[in-house]
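Trainee: PDB, C-alpha atoms, file entry-v1.pdb:
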```pdb
ATOM      1  CA  ASN G   1    -189.900 -35.291 149.588
ATOM      2  CA  HIS G   2    -190.825 -36.695 152.997
ATOM      3  CA  ASP G   3    -188.835 -36.797 156.241
ATOM      4  CA  HIS G   4    -188.872 -40.612 156.133
ATOM      5  CA  LYS G   5    -187.478 -40.961 152.631
ATOM      6  CA  TYR G   6    -185.198 -43.732 151.330
ATOM      7  CA  GLU G   7    -181.407 -43.522 151.421
ATOM      8  CA  SER G   8    -179.206 -43.717 148.326
ATOM      9  CA  THR G   9    -175.535 -43.866 147.391
ATOM     10  CA  VAL G  10    -173.639 -43.749 144.117
ATOM     11  CA  ALA G  11    -170.684 -45.926 143.071
ATOM     12  CA  LYS G  12    -168.632 -46.086 139.906
ATOM     13  CA  THR G  13    -167.866 -49.460 138.301
ATOM     14  CA  ASP G  14    -164.644 -50.544 136.636
ATOM     15  CA  ASP G  15    -165.901 -49.878 133.098
ATOM     16  CA  GLY G  16    -166.953 -46.303 133.851
ATOM     17  CA  THR G  17    -170.643 -47.006 134.318
ATOM     18  CA  VAL G  18    -172.365 -45.881 137.511
ATOM     19  CA  GLN G  19    -174.413 -47.806 140.068
ATOM     20  CA  ILE G  20    -176.985 -46.245 142.368
ATOM     21  CA  THR G  21    -177.761 -48.082 145.608
ATOM     22  CA  LEU G  22    -181.207 -47.636 147.170
ATOM     23  CA  LEU G  23    -182.478 -48.472 150.647
ATOM     24  CA  ILE G  24    -185.866 -48.316 152.352
ATOM     25  CA  SER G  25    -185.773 -49.229 156.040
ATOM     26  CA  LYS G  26    -188.191 -51.676 157.641
ATOM     27  CA  GLU G  27    -189.551 -48.842 159.806
ATOM     28  CA  GLN G  28    -190.479 -46.883 156.686
ATOM     29  CA  ILE G  29    -192.150 -49.924 155.154
ATOM     30  CA  ASP G  30    -194.148 -50.719 158.308
ATOM     31  CA  HIS G  31    -195.303 -47.193 159.101
ATOM     32  CA  GLU G  32    -195.188 -45.120 155.929
ATOM     33  CA  GLU G  33    -195.162 -47.691 153.150
ATOM     34  CA  VAL G  34    -196.933 -45.624 150.506
ATOM     35  CA  HIS G  35    -194.726 -42.564 150.991
ATOM     36  CA  ALA G  36    -191.528 -44.650 151.116
ATOM     37  CA  LEU G  37    -192.354 -46.398 147.833
ATOM     38  CA  GLU G  38    -193.291 -43.062 146.266
ATOM     39  CA  ASP G  39    -189.901 -41.672 147.281
ATOM     40  CA  LEU G  40    -188.197 -44.747 145.840
ATOM     41  CA  ALA G  41    -189.997 -44.198 142.536
ATOM     42  CA  LYS G  42    -189.004 -40.518 142.505
ATOM     43  CA  THR G  43    -185.359 -41.379 143.074
ATOM     44  CA  VAL G  44    -185.222 -43.740 140.127
ATOM     45  CA  ASN G  45    -187.156 -41.279 137.973
ATOM     46  CA  TYR G  46    -184.801 -38.405 138.865
ATOM     47  CA  THR G  47    -181.588 -40.415 138.328
ATOM     48  CA  ARG G  48    -182.342 -42.705 135.405
ATOM     49  CA  ASP G  49    -181.097 -40.237 132.772
ATOM     50  CA  ILE G  50    -177.830 -39.358 134.502
ATOM     51  CA  PRO G  51    -175.035 -40.305 132.075
ATOM     52  CA  ASN G  52    -173.587 -43.809 132.557
ATOM     53  CA  ILE G  53    -176.176 -45.005 135.092
ATOM     54  CA  ASP G  54    -176.472 -48.661 134.118
ATOM     55  CA  ARG G  55    -177.819 -50.313 137.276
ATOM     56  CA  TYR G  56    -179.740 -49.934 140.505
ATOM     57  CA  GLU G  57    -178.745 -51.920 143.566
ATOM     58  CA  LEU G  58    -181.576 -52.447 146.040
ATOM     59  CA  ASN G  59    -180.127 -52.780 149.534
ATOM     60  CA  ILE G  60    -182.350 -54.969 151.718
ATOM     61  CA  SER G  61    -179.614 -55.675 154.234
ATOM     62  CA  CYS G  62    -178.619 -52.592 156.231
ATOM     63  CA  PRO G  63    -177.426 -53.818 159.689
ATOM     64  CA  ASN G  64    -178.568 -50.556 161.311
ATOM     65  CA  LYS G  65    -182.178 -51.277 160.389
ATOM     66  CA  GLU G  66    -184.540 -53.835 161.853
ATOM     67  CA  LYS G  67    -184.458 -57.098 159.922
ATOM     68  CA  ILE G  68    -187.175 -57.521 157.294
ATOM     69  CA  SER G  69    -189.729 -60.152 158.337
ATOM     70  CA  ASN G  70    -191.416 -60.743 154.971
ATOM     71  CA  TYR G  71    -188.786 -60.768 152.239
ATOM     72  CA  LYS G  72    -191.058 -62.068 149.506
ATOM     73  CA  GLU G  73    -193.657 -59.294 149.720
ATOM     74  CA  VAL G  74    -191.300 -56.428 150.559
ATOM     75  CA  LEU G  75    -188.732 -57.325 147.908
ATOM     76  CA  LYS G  76    -191.386 -57.814 145.229
ATOM     77  CA  GLU G  77    -192.947 -54.389 145.911
ATOM     78  CA  GLN G  78    -189.655 -52.541 145.804
ATOM     79  CA  ILE G  79    -188.401 -54.307 142.667
ATOM     80  CA  GLU G  80    -191.679 -53.539 140.885
ATOM     81  CA  VAL G  81    -191.312 -49.833 141.732
ATOM     82  CA  ILE G  82    -187.760 -49.715 140.362
ATOM     83  CA  LYS G  83    -188.738 -51.626 137.225
ATOM     84  CA  SER G  84    -191.619 -49.243 136.564
ATOM     85  CA  GLU G  85    -189.317 -46.178 136.589
ATOM     86  CA  LYS G  86    -185.920 -47.321 135.273
ATOM     87  CA  ARG G  87    -184.851 -47.378 131.631
ATOM     88  CA  LYS G  88    -185.105 -50.715 129.825
ATOM     89  CA  THR G  89    -181.340 -50.998 129.507
ATOM     90  CA  GLN G  90    -180.751 -50.471 133.236
ATOM     91  CA  ILE G  91    -180.441 -53.604 135.356
ATOM     92  CA  ILE G  92    -181.273 -54.396 138.984
ATOM     93  CA  TYR G  93    -179.153 -56.058 141.659
ATOM     94  CA  VAL G  94    -180.173 -56.832 145.233
ATOM     95  CA  LYS G  95    -177.670 -56.484 148.084
ATOM     96  CA  VAL G  96    -178.187 -59.186 150.714
ATOM     97  CA  SER G  97    -177.240 -59.661 154.337
ATOM     98  CA  PRO G  98    -174.634 -62.194 155.538
ATOM     99  CA  ASP G  99    -176.969 -62.994 158.432
ATOM    100  CA  LEU G 100    -179.668 -64.748 156.365
ATOM    101  CA  ASN G 101    -180.838 -68.270 157.122
ATOM    102  CA  GLU G 102    -181.322 -70.841 154.349
ATOM    103  CA  ASN G 103    -185.089 -70.357 154.200
ATOM    104  CA  GLU G 104    -184.639 -66.611 153.675
ATOM    105  CA  ILE G 105    -182.074 -67.285 150.949
ATOM    106  CA  ASP G 106    -184.529 -69.554 149.123
ATOM    107  CA  ILE G 107    -187.306 -66.956 149.363
ATOM    108  CA  ILE G 108    -185.031 -64.218 148.040
ATOM    109  CA  LEU G 109    -183.817 -66.379 145.143
ATOM    110  CA  GLU G 110    -187.378 -67.296 144.163
ATOM    111  CA  THR G 111    -188.413 -63.630 144.222
ATOM    112  CA  LEU G 112    -185.430 -62.628 142.093
ATOM    113  CA  TYR G 113    -186.246 -65.294 139.496
ATOM    114  CA  VAL G 114    -189.885 -64.270 139.229
ATOM    115  CA  ASN G 115    -189.016 -60.582 138.904
ATOM    116  CA  LYS G 116    -186.117 -61.132 136.469
ATOM    117  CA  VAL G 117    -183.495 -59.416 138.612
ATOM    118  CA  LYS G 118    -179.979 -59.485 137.134
ATOM    119  CA  GLY G 119    -178.140 -60.562 140.253
ATOM    120  CA  ILE G 120    -177.180 -60.192 143.912
ATOM    121  CA  THR G 121    -174.413 -58.450 145.814
ATOM    122  CA  SER G 122    -173.174 -60.790 148.522
ATOM    123  CA  THR G 123    -172.905 -59.265 151.051
ATOM    124  CA  ASN G 124    -173.481 -56.191 153.156
ATOM    125  CA  THR G 125    -171.915 -55.878 156.634
ATOM    126  CA  THR G 126    -172.919 -58.176 159.499
ATOM    127  CA  ALA G 127    -174.850 -57.280 162.629
ATOM    128  CA  LEU G 128    -173.416 -60.362 164.384
ATOM    129  CA  HIS G 129    -170.107 -59.171 165.797
ATOM    130  CA  ASP G 130    -167.266 -61.691 166.081
ATOM    131  CA  PRO G 131    -165.556 -61.202 169.495
ATOM    132  CA  LYS G 132    -162.252 -62.084 167.821
ATOM    133  CA  TYR G 133    -162.404 -58.725 166.053
ATOM    134  CA  ILE G 134    -164.893 -56.676 168.085
ATOM    135  CA  THR G 135    -164.316 -57.145 171.807
ATOM    136  CA  LYS G 136    -166.741 -54.506 173.077
ATOM    137  CA  ASN G 137    -170.198 -54.832 171.582
ATOM    138  CA  LEU G 138    -171.506 -51.541 172.935
ATOM    139  CA  VAL G 139    -173.188 -50.210 169.810
ATOM    140  CA  LYS G 140    -175.272 -51.485 166.947
ATOM    141  CA  GLY G 141    -173.966 -51.445 163.439
ATOM    142  CA  GLY G 142    -172.339 -53.569 160.784
ATOM    143  CA  ALA G 143    -168.925 -55.205 161.036
ATOM    144  CA  SER G 144    -166.831 -55.160 157.866
ATOM    145  CA  GLY G 145    -163.392 -56.227 156.624
ATOM    146  CA  ASN G 146    -161.865 -59.266 158.323
ATOM    147  CA  ALA G 147    -164.712 -59.348 160.843
ATOM    148  CA  LEU G 148    -167.105 -59.943 157.944
ATOM    149  CA  TYR G 149    -165.195 -62.093 155.485
ATOM    150  CA  ASN G 150    -166.080 -65.611 156.653
ATOM    151  CA  LYS G 151    -169.789 -64.903 157.072
ATOM    152  CA  SER G 152    -169.922 -63.116 153.740
ATOM    153  CA  LEU G 153    -168.179 -66.008 151.989
ATOM    154  CA  GLU G 154    -170.496 -68.590 153.567
ATOM    155  CA  THR G 155    -173.560 -66.637 152.452
ATOM    156  CA  GLN G 156    -172.202 -66.324 148.930
ATOM    157  CA  LYS G 157    -171.565 -70.089 148.880
ATOM    158  CA  LYS G 158    -175.167 -70.762 149.891
ATOM    159  CA  PHE G 159    -176.560 -68.490 147.189
ATOM    160  CA  TYR G 160    -174.208 -70.056 144.634
ATOM    161  CA  GLU G 161    -175.080 -73.640 145.596
ATOM    162  CA  ARG G 162    -178.841 -73.031 145.838
ATOM    163  CA  ASN G 163    -179.112 -70.900 142.703
ATOM    164  CA  THR G 164    -180.867 -72.710 139.859
ATOM    165  CA  ASN G 165    -180.750 -69.824 137.392
ATOM    166  CA  SER G 166    -177.482 -69.693 135.453
ATOM    167  CA  SER G 167    -178.164 -66.115 134.337
ATOM    168  CA  LEU G 168    -178.217 -64.742 137.913
ATOM    169  CA  ASN G 169    -174.965 -62.842 138.502
ATOM    170  CA  ILE G 170    -173.100 -62.577 141.808
ATOM    171  CA  ILE G 171    -171.144 -59.519 142.918
ATOM    172  CA  ALA G 172    -168.897 -60.450 145.847
ATOM    173  CA  CYS G 173    -168.441 -57.942 148.656
ATOM    174  CA  GLY G 174    -167.017 -58.209 152.148
ATOM    175  CA  GLY G 175    -163.392 -58.308 153.298
ATOM    176  CA  ILE G 176    -161.810 -59.028 149.914
ATOM    177  CA  ASP G 177    -158.303 -57.802 150.710
ATOM    178  CA  SER G 178    -156.041 -60.249 148.861
ATOM    179  CA  GLU G 179    -155.617 -62.173 145.624
ATOM    180  CA  GLU G 180    -156.402 -65.394 147.492
ATOM    181  CA  ARG G 181    -159.705 -64.065 148.782
ATOM    182  CA  LEU G 182    -160.623 -62.737 145.361
ATOM    183  CA  LEU G 183    -160.012 -66.133 143.729
ATOM    184  CA  GLU G 184    -162.020 -67.812 146.485
ATOM    185  CA  ARG G 185    -164.997 -65.566 145.741
ATOM    186  CA  ILE G 186    -164.644 -66.188 141.989
ATOM    187  CA  ARG G 187    -164.667 -69.927 142.703
ATOM    188  CA  TYR G 188    -168.132 -69.495 144.195
ATOM    189  CA  GLY G 189    -169.650 -67.651 141.287
ATOM    190  CA  ALA G 190    -168.552 -64.023 141.585
ATOM    191  CA  SER G 191    -168.237 -62.188 138.287
ATOM    192  CA  GLU G 192    -167.651 -58.763 139.883
ATOM    193  CA  ILE G 193    -166.555 -57.445 143.287
ATOM    194  CA  GLN G 194    -167.083 -54.437 145.536
ATOM    195  CA  ILE G 195    -164.423 -53.307 148.006
ATOM    196  CA  PHE G 196    -164.720 -50.731 150.770
ATOM    197  CA  THR G 197    -162.900 -51.409 154.069
ATOM    198  CA  PRO G 198    -159.878 -53.173 152.484
ATOM    199  CA  LEU G 199    -159.374 -50.158 150.226
ATOM    200  CA  ILE G 200    -159.139 -47.901 153.286
ATOM    201  CA  PHE G 201    -156.468 -50.046 154.933
ATOM    202  CA  LYS G 202    -154.477 -51.119 151.866
ATOM    203  CA  GLY G 203    -154.982 -48.218 149.490
ATOM    204  CA  PRO G 204    -155.318 -48.066 145.693
ATOM    205  CA  LYS G 205    -152.518 -50.585 145.152
ATOM    206  CA  LEU G 206    -154.995 -53.273 146.254
ATOM    207  CA  ILE G 207    -157.055 -52.621 143.119
ATOM    208  CA  ARG G 208    -154.025 -53.252 140.904
ATOM    209  CA  LYS G 209    -153.250 -56.520 142.715
ATOM    210  CA  LEU G 210    -156.823 -57.760 142.409
ATOM    211  CA  ARG G 211    -156.997 -56.869 138.731
ATOM    212  CA  THR G 212    -153.793 -58.807 138.056
ATOM    213  CA  ALA G 213    -155.033 -61.848 139.994
ATOM    214  CA  SER G 214    -158.302 -61.959 138.082
ATOM    215  CA  LEU G 215    -156.699 -62.039 134.620
TER     216      LEU G 215
END
```
Is it possible to give me this structure as structure tokens?
Mentor:
Amino acid sequence: NHDHKYESTVAKTDDGTVQITLLISKEQIDHEEVHALEDLAKTVNYTRDIPNIDRYELNISCPNKEKISNYKEVLKEQIEVIKSEKRKTQIIYVKVSPDLNENEIDIILETLYVNKVKGITSTNTTALHDPKYITKNLVKGGASGNALYNKSLETQKKFYERNTNSSLNIIACGGIDSEERLLERIRYGASEIQIFTPLIFKGPKLIRKLRTASL
């Protein structure tokens, strides 16, 4: 392993399968591209036979990292590495930023189609802090929960409206803390959700409410 290696996290899905999320920062790509991609390949190779691993989520949207300038090339390289190491039954999702412009969304969608990616997670946290929720912008980092919801929803809408591939799935993520918000995200194409900040503030009972609302 190298000092500049990727980052990874593990999450369990509702049906008991497990997702692994992978991230290579822009700094790693720009300065140590070969080593970063090698580390990415090793991660997939080491984890692909863990029981119940059914998907890899490639995070290209960390707000603590410098924004990627060439989505088409960078995304293609990283997807190809994951595809070369994963098992055939394991699928790939890409986690996107809520701060994308429409041109970036189109480029990402085109790249996902060409590389037969299963879907997107919309979205990660936002680097654009809403003063309504964050009054002192003294540090960098991603805003989540209520401070993220509107931007995350708008980005999901854009992906949903611009998507021309009916087989591309959408996982909604970002401030989903009520039945109303869940149904709103389903209306714009979400077939699954991820929750983080709302779970901290509302506890496990939120999961039961959301499950009931989605039936």
Trainee: Taking 5 positions as the minimum chain separation for residues in the same chain, which residues sit within 10 Å of Tyr113 in chain G when counting only C-alpha atoms? Answer as a ChimeraX atom specification.
Mentor: /G:108,118-119,163-165,167-168
Trainee: Suppose a student applies the PyMOL selection byres ((chain G and resi 78-83) around 8) to this structure; what residues should they get, written as a count of residues only?
Mentor: 13
Trainee: Would you mind listing what lies within 8 Å of range 170-183 of chain G as an NGL selection string, with only C-alpha atoms counted and same-chain residues fewer than 4 positions away left out?
Mentor: :G and (119-125 or 144-149 or 152-153 or 156 or 187 or 189-199 or 202 or 206 or 209-210 or 213-214)
Trainee: Taking C-alpha atoms for each residue, export the selection above as an mmCIF file, in the frame of the given file.
Mentor:
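What ended up in out-v1.cif:
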```cif
data_model
loop_
_atom_site.group_PDB
_atom_site.id
_atom_site.type_symbol
_atom_site.label_atom_id
_atom_site.label_comp_id
_atom_site.auth_asym_id
_atom_site.auth_seq_id
_atom_site.Cartn_x
_atom_site.Cartn_y
_atom_site.Cartn_z
ATOM 1 C CA GLY G 119 -178.140 -60.562 140.253
ATOM 2 C CA ILE G 120 -177.180 -60.192 143.912
ATOM 3 C CA THR G 121 -174.413 -58.450 145.814
ATOM 4 C CA SER G 122 -173.174 -60.790 148.522
ATOM 5 C CA THR G 123 -172.905 -59.265 151.051
ATOM 6 C CA ASN G 124 -173.481 -56.191 153.156
ATOM 7 C CA THR G 125 -171.915 -55.878 156.634
ATOM 8 C CA SER G 144 -166.831 -55.160 157.866
ATOM 9 C CA GLY G 145 -163.392 -56.227 156.624
ATOM 10 C CA ASN G 146 -161.865 -59.266 158.323
ATOM 11 C CA ALA G 147 -164.712 -59.348 160.843
ATOM 12 C CA LEU G 148 -167.105 -59.943 157.944
ATOM 13 C CA TYR G 149 -165.195 -62.093 155.485
ATOM 14 C CA SER G 152 -169.922 -63.116 153.740
ATOM 15 C CA LEU G 153 -168.179 -66.008 151.989
ATOM 16 C CA GLN G 156 -172.202 -66.324 148.930
ATOM 17 C CA ARG G 187 -164.667 -69.927 142.703
ATOM 18 C CA GLY G 189 -169.650 -67.651 141.287
ATOM 19 C CA ALA G 190 -168.552 -64.023 141.585
ATOM 20 C CA SER G 191 -168.237 -62.188 138.287
ATOM 21 C CA GLU G 192 -167.651 -58.763 139.883
ATOM 22 C CA ILE G 193 -166.555 -57.445 143.287
ATOM 23 C CA GLN G 194 -167.083 -54.437 145.536
ATOM 24 C CA ILE G 195 -164.423 -53.307 148.006
ATOM 25 C CA PHE G 196 -164.720 -50.731 150.770
ATOM 26 C CA THR G 197 -162.900 -51.409 154.069
ATOM 27 C CA PRO G 198 -159.878 -53.173 152.484
ATOM 28 C CA LEU G 199 -159.374 -50.158 150.226
ATOM 29 C CA LYS G 202 -154.477 -51.119 151.866
ATOM 30 C CA LEU G 206 -154.995 -53.273 146.254
ATOM 31 C CA LYS G 209 -153.250 -56.520 142.715
ATOM 32 C CA LEU G 210 -156.823 -57.760 142.409
ATOM 33 C CA ALA G 213 -155.033 -61.848 139.994
ATOM 34 C CA SER G 214 -158.302 -61.959 138.082
#
```
Trainee: Can you spell out as a short mmCIF file (atom, residue, chain, number, x, y, z; two decimals) with C-alpha atoms, keeping the file's coordinate frame the set of residues that the PyMOL selection byres ((chain G and resi 71) around 12) selects in the structure I just provided?
Mentor:
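out_11.cif written:
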```
data_model
loop_
_atom_site.label_atom_id
_atom_site.label_comp_id
_atom_site.auth_asym_id
_atom_site.auth_seq_id
_atom_site.Cartn_x
_atom_site.Cartn_y
_atom_site.Cartn_z
CA LYS G 26 -188.19 -51.68 157.64
CA ILE G 29 -192.15 -49.92 155.15
CA ILE G 60 -182.35 -54.97 151.72
CA SER G 61 -179.61 -55.68 154.23
CA LYS G 67 -184.46 -57.10 159.92
CA ILE G 68 -187.18 -57.52 157.29
CA SER G 69 -189.73 -60.15 158.34
CA ASN G 70 -191.42 -60.74 154.97
CA LYS G 72 -191.06 -62.07 149.51
CA GLU G 73 -193.66 -59.29 149.72
CA VAL G 74 -191.30 -56.43 150.56
CA LEU G 75 -188.73 -57.32 147.91
CA LYS G 76 -191.39 -57.81 145.23
CA GLU G 77 -192.95 -54.39 145.91
CA GLN G 78 -189.66 -52.54 145.80
CA ILE G 79 -188.40 -54.31 142.67
CA VAL G 94 -180.17 -56.83 145.23
CA VAL G 96 -178.19 -59.19 150.71
CA SER G 97 -177.24 -59.66 154.34
CA LEU G 100 -179.67 -64.75 156.36
CA ASN G 101 -180.84 -68.27 157.12
CA ASN G 103 -185.09 -70.36 154.20
CA GLU G 104 -184.64 -66.61 153.68
CA ILE G 105 -182.07 -67.28 150.95
CA ASP G 106 -184.53 -69.55 149.12
CA ILE G 107 -187.31 -66.96 149.36
CA ILE G 108 -185.03 -64.22 148.04
CA LEU G 109 -183.82 -66.38 145.14
CA GLU G 110 -187.38 -67.30 144.16
CA THR G 111 -188.41 -63.63 144.22
CA LEU G 112 -185.43 -62.63 142.09
#
```
Trainee: Spell out the residues picked by the PyMOL selection byres ((chain G and resi 51) around 12) here, as a short mmCIF file (atom, residue, chain, number, x, y, z; two decimals) with C-alpha atoms, keeping the file's coordinate frame.
Mentor:
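Written file, expr.cif:
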```
data_model
loop_
_atom_site.label_atom_id
_atom_site.label_comp_id
_atom_site.auth_asym_id
_atom_site.auth_seq_id
_atom_site.Cartn_x
_atom_site.Cartn_y
_atom_site.Cartn_z
CA LYS G 12 -168.63 -46.09 139.91
CA GLY G 16 -166.95 -46.30 133.85
CA THR G 17 -170.64 -47.01 134.32
CA VAL G 18 -172.36 -45.88 137.51
CA GLN G 19 -174.41 -47.81 140.07
CA THR G 47 -181.59 -40.42 138.33
CA ARG G 48 -182.34 -42.70 135.40
CA ASP G 49 -181.10 -40.24 132.77
CA ILE G 50 -177.83 -39.36 134.50
CA ASN G 52 -173.59 -43.81 132.56
CA ILE G 53 -176.18 -45.00 135.09
CA ASP G 54 -176.47 -48.66 134.12
CA ARG G 55 -177.82 -50.31 137.28
CA GLN G 90 -180.75 -50.47 133.24
#
```
Trainee: Just the number, please: distance in Å from CA of Tyr93 in chain G to CA of Tyr133 in chain G, one decimal.
Mentor: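 Value for the CA of Tyr93 in chain G-CA of Tyr133 in chain G distance: 29.7 Å.
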Trainee: Counting all atoms listed in the file, which residue out of G:Pro63, G:Asn169, G:Lys205, G:His35 sits closest to Leu128 in chain G?
Mentor: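 Result for the nearest residue to Leu128 in chain G: G:Pro63.
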Trainee: What does the distance between CA of Asn59 in chain G and CA of Glu102 in chain G come to in Å, to one decimal place?
Mentor: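 Between CA of Asn59 in chain G and CA of Glu102 in chain G the gap is 18.7 Å.
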Trainee: Using Å and a single decimal, report how far CA of Lys140 in chain G sits from CA of Ile92 in chain G.
Mentor: 28.7 Å
Trainee: With only C-alpha atoms as the basis for distance, which of G:Lys158, G:Lys42, G:Lys151, G:Arg208 is at the shortest distance from Asp99 in chain G?
Mentor: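 Ranking G:Lys158, G:Lys42, G:Lys151, G:Arg208 by distance to Asp99 in chain G, first place goes to G:Lys151.
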Trainee: Env of Tyr188 in chain G: 8 Å cut, atoms = all atoms listed in the file, seq-sep filter 3 positions within chain, self excluded. Answer as a list in words.
Mentor: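 Final neighbour list, sorted by chain and number: Gln156, Lys157, Tyr160, Glu184 and Arg185 of chain G.
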Trainee: Write the residues you've just listed into a file as an mmCIF file, in the coordinates of the input, and include C-alpha atoms for each of them.
Mentor:
```cif
data_model
loop_
_atom_site.group_PDB
_atom_site.id
_atom_site.type_symbol
_atom_site.label_atom_id
_atom_site.label_comp_id
_atom_site.auth_asym_id
_atom_site.auth_seq_id
_atom_site.Cartn_x
_atom_site.Cartn_y
_atom_site.Cartn_z
ATOM 1 C CA GLN G 156 -172.202 -66.324 148.930
ATOM 2 C CA LYS G 157 -171.565 -70.089 148.880
ATOM 3 C CA TYR G 160 -174.208 -70.056 144.634
ATOM 4 C CA GLU G 184 -162.020 -67.812 146.485
ATOM 5 C CA ARG G 185 -164.997 -65.566 145.741
#
```
Trainee: Neighbours of Ala143 in chain G within 7 Å (all atoms listed in the file; same-chain residues fewer than 6 positions away dropped), as a list in words?
Mentor: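 So, after excluding close chain neighbours, the residues are Thr125, Thr126, Ala127 and His129 of chain G.
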